[in-house]
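J.: Okay, handing you the structure first.
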Amino acid sequence: MLATLSRFKSPRWLSPDILLGYVLGQEVRRKEVSLFSPSCPVSAAWGRRATGGTRAISTSCTLCAKVRGNPKKRELSEKKLTRHFVDHRRVKLEAGSGGKGASSFHSEPRKEWGGPDGGNGGDGGSIIIKADKFVKSLAQVVPVYKGEDGQSGGSKNCYGRNGSPTYISVPLGTVVKEQGQTVVDLSEHGQEYLAVFGGAGGKGNRFFLSNENRAPMSATPGMTGQERVLQLELRTMAHAGLVGFPNAGKSSLLRAISNARPAVAAYPFTTLNPHVGIVNYRDHEQVAVADIPGIIRGAHLNRGLGISFLRHIERCRFLLYVLDLSTPEPWTQLEHLRYELDQYEPGLSQRPQAIIANKMDLPEAREKLETLQSHLSQRVIPVSALTGQNTEELILHLRELYDGYLNGEGSGEGKPTRW
């Protein structure tokens, strides 16, 4: 170390601190030791240098700096990662405004009276609602849409560029309403509805040129785009809807028969938004099953979120009643569920349906199943969403209901909806 210092001849302008820092860096690179290790002679020399009244060591250099990496991102829970199904939206549409016209006169050498050459402004962009068969939910529709404004006109008779139209992709079967009145029903792929018109562009002073006025100075601004507030609703939310009271195991059952992954917990009202799962069959047919949030007694009176939950059920073609066998009298649940549906819409509970007795893995479920079958004349499908017991029978019966829906039995619509 001393030999290295003696061989290095520093010029007059080089300060001792810079010299010592350079030598320390070379020594650390050669020996590959830490500056703060007790065995390093450089550390002792630097300590003596620091106690002599000069500056202390700096840790902002590359050798002593702390290794900075990207902090580990917290993993989101499954409940936050789950995307729920959206079957209605309220959107505000504002079309683009037109660009203003320009007021200018032609200027060119040896051409004293060039005349007006102000161009017109561009038209504002319109907003178009378009049906797309590859879109299944209204989740991607945002509350407010603003169209692109047209550009202003320029000199030399340059017209402003028109604003590009804005397209809103919606699923097939979307009903557009305004103040409760149906405006259009988008049922075909590629069908478009021009919701709001863009404002017309302003006129430049070239537009006002006439024999009476050879030098017009006036130009008009662009018009404001149209504004509307519309409601988008899906006519058919899913083919089948799971109907039941809270904590009946609807989300677990949807996990067992489809590829959906709604949140599951040991408390009621875990599901606050509907989730849709797809049941695939060997013939490549797909059946959509919706997990409807649990309804409570008095839901038709809008207790809790009853009206919004019942609106989801109204958009399902056939119903799957899920009964909880852990309750003392599960057959009373079916009576209350049918009563709530009929109070909301008469005849809603009479749609094609299936009765599912869930939680067959419990010890007392076998006795309650026999009692339930004695109280009902319809077919009861016992399943266990936790263990997957007898879910094959449910899937096959679901296909029978779907085939009957395609044949027009109880659908109430002219054309069945395929997923």
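Residues are referred to by chain and number: the chain letter is A, B, ... according to the order shown in the structure tokens, the number counts from 1 in that chain, and ligands are numbered separately from 1 in the order shown.
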Could you name the residues that touch A:Gly125 at 7 Å or less, counting only C-alpha atoms, but leaving out those on the same chain fewer than 4 positions away, as a VMD selection string?
T.: chain A and resid 95 to 96 147 to 150 162 to 166 198
J.: List every residue of stretch 203-237 of chain A that has an atom at most 10 Å from any atom of stretch 167-189 of chain A, giving for each one its closest atom pair and the distance in Å to one decimal, counting only C-alpha atoms, sorted by chain and then by ascending residue number, as a Markdown table.
T.:
```
| residue | atom | partner | partner_atom | distance |
| --- | --- | --- | --- | --- |
| A:Arg228 | CA | A:Glu178 | CA | 8.4 |
| A:Val229 | CA | A:Glu178 | CA | 6.9 |
| A:Leu230 | CA | A:Glu178 | CA | 5.0 |
| A:Gln231 | CA | A:Lys177 | CA | 5.0 |
| A:Leu232 | CA | A:Val176 | CA | 4.9 |
| A:Glu233 | CA | A:Val175 | CA | 5.2 |
| A:Leu234 | CA | A:Thr174 | CA | 4.5 |
| A:Arg235 | CA | A:Gly173 | CA | 5.4 |
| A:Thr236 | CA | A:Gly173 | CA | 6.7 |
| A:Met237 | CA | A:Gly173 | CA | 9.1 |
```
J.: Skipping near chain neighbours, those fewer than 2 positions away, what residues fall within 7 Å of A:Gly199 using only C-alpha atoms, listed as a PDB file with N, CA and C atoms, in the first residue's frame?
T.:
```pdb
ATOM      1  N   GLY A  96     -67.994  14.738 -29.833  1.00  0.00           N
ATOM      2  CA  GLY A  96     -66.991  15.771 -30.019  1.00  0.00           C
ATOM      3  C   GLY A  96     -67.566  17.031 -30.648  1.00  0.00           C
ATOM      4  N   SER A  97     -66.976  18.157 -30.297  1.00  0.00           N
ATOM      5  CA  SER A  97     -67.398  19.439 -30.861  1.00  0.00           C
ATOM      6  C   SER A  97     -66.670  19.704 -32.172  1.00  0.00           C
ATOM      7  N   GLY A  98     -67.301  20.496 -33.027  1.00  0.00           N
ATOM      8  CA  GLY A  98     -66.683  20.847 -34.299  1.00  0.00           C
ATOM      9  C   GLY A  98     -65.593  21.888 -34.134  1.00  0.00           C
ATOM     10  N   ASP A 123     -65.538  18.303 -38.454  1.00  0.00           N
ATOM     11  CA  ASP A 123     -66.689  17.857 -37.664  1.00  0.00           C
ATOM     12  C   ASP A 123     -66.216  17.064 -36.446  1.00  0.00           C
ATOM     13  N   GLY A 124     -66.982  17.122 -35.378  1.00  0.00           N
ATOM     14  CA  GLY A 124     -66.674  16.360 -34.178  1.00  0.00           C
ATOM     15  C   GLY A 124     -66.965  14.883 -34.353  1.00  0.00           C
ATOM     16  N   PHE A 197     -74.449  12.406 -32.142  1.00  0.00           N
ATOM     17  CA  PHE A 197     -73.831  12.983 -33.331  1.00  0.00           C
ATOM     18  C   PHE A 197     -72.783  14.008 -32.916  1.00  0.00           C
ATOM     19  N   GLY A 201     -68.495  21.360 -38.000  1.00  0.00           N
ATOM     20  CA  GLY A 201     -67.387  22.299 -37.962  1.00  0.00           C
ATOM     21  C   GLY A 201     -67.806  23.699 -38.370  1.00  0.00           C
ATOM     22  N   GLY A 222     -67.274  26.139 -34.200  1.00  0.00           N
ATOM     23  CA  GLY A 222     -67.905  24.845 -34.362  1.00  0.00           C
ATOM     24  C   GLY A 222     -69.045  24.635 -33.386  1.00  0.00           C
ATOM     25  N   MET A 223     -69.958  23.740 -33.755  1.00  0.00           N
ATOM     26  CA  MET A 223     -71.104  23.448 -32.900  1.00  0.00           C
ATOM     27  C   MET A 223     -70.736  22.402 -31.855  1.00  0.00           C
ATOM     28  N   THR A 224     -71.432  22.484 -30.728  1.00  0.00           N
ATOM     29  CA  THR A 224     -71.194  21.538 -29.636  1.00  0.00           C
ATOM     30  C   THR A 224     -71.806  20.182 -29.971  1.00  0.00           C
ATOM     31  N   GLY A 225     -71.118  19.114 -29.578  1.00  0.00           N
ATOM     32  CA  GLY A 225     -71.615  17.772 -29.839  1.00  0.00           C
ATOM     33  C   GLY A 225     -72.833  17.428 -29.000  1.00  0.00           C
ATOM     34  N   GLN A 226     -73.564  16.440 -29.438  1.00  0.00           N
ATOM     35  CA  GLN A 226     -74.772  16.000 -28.740  1.00  0.00           C
ATOM     36  C   GLN A 226     -74.410  15.266 -27.457  1.00  0.00           C
TER      37      GLN A 226
END
```
J.: Find the spatial neighbours of A:Glu108, counting only C-alpha atoms, within a cut-off of 12 Å - ignore same-chain residues fewer than 6 positions away - and output them as a VMD selection string.
T.: chain A and resid 114 to 115 117 156
J.: Just asking: which residues within stretch 212-400 of chain A are helix (DSSP H, G or I) according to DSSP, as a ChimeraX atom specification?
T.: /A:250-257,299-301,306-314,331-344,348-350,365-375,391-400
J.: Between A:Val380, A:Leu372, A:Leu242, A:Val289, which has the minimum distance to A:Tyr321 (counting only C-alpha atoms)?
T.: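 Going through A:Val380, A:Leu372, A:Leu242, A:Val289 one by one, the smallest distance to A:Tyr321 is for A:Leu242.
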J.: Between atom CA of A:Phe245 and atom CA of A:Ile356, measure the distance and give it in Å to one decimal.
T.: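 Straight-line distance from atom CA of A:Phe245 to atom CA of A:Ile356 works out to 12.7 Å.
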J.: In Å to one decimal, how far is atom CA of A:His284 from atom CA of A:Glu400?
T.: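 Atom CA of A:Glu400 sits 15.2 Å away from atom CA of A:His284.
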